[in-house]
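Chemist: Here's a structure for you.
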Amino acid sequence: MNSRDAVFSLAALAQESRLAIYRLLVEAGPTGLAVGEIGASVRIAPATLSFHLKALLHARLILSRQEGRYIYYSANYDAMNGLLGFLTENCCASDCGTSCAAPSCGPVAKGRRARGIKSKA
């Protein structure tokens with residue numbers, strides 16, 4: 001990811017409703033949510049919701065797919081991880097001379113732990 005793309009992504013998220021929508025879709029996982037479910041969760045009028053979804057789509061932060069007469073939206077985890085990687089690219093470089101491992105996120109297969117998280121057992 002380059003600076004221009006990062007600024008575009010961050011600008012899309014720099015609005016309270018869009019940030020709420022994005023966080024909801026990240027939580028929903030790769031299956032995503034139908035437009036009606038998103039609207040009910042964030043309590044946004046359909047026309048306004050459409051405007052915000054279009055801004056997030058244009059920034060490539062979310063993906064859409066149509067199934068029958070319903071449109072489902074989901075978080076674009078590759079874009080999210082690209083943005084996180086860009087923001088943390090030189091993390092700790094001044095302090096220790098090397099950079100930290102870039103964080104990443106994505107859905108975890110059922111029955112498997114997330115990487116880097118140890119159980120307390």
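Chain lettering (A, B, ...) mirrors the order of the structure tokens, residue numbering begins at 1 for each chain separately, and ligand numbering begins at 1 in order of display.
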Which residues come within 12 Å of Leu13 in chain A, counting only C-alpha atoms, excluding same-chain residues fewer than 4 positions away, as a VMD selection string?

Modeler: chain A and resid 6 to 9 17 to 23 52 to 53 55 to 62 80 83

Chemist: Which value, in Å to one decimal, gives the distance between CA of Asn90 in chain A and CA of Ala11 in chain A?

Modeler: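 Taking CA of Asn90 in chain A and CA of Ala11 in chain A, their separation equals 21.5 Å.
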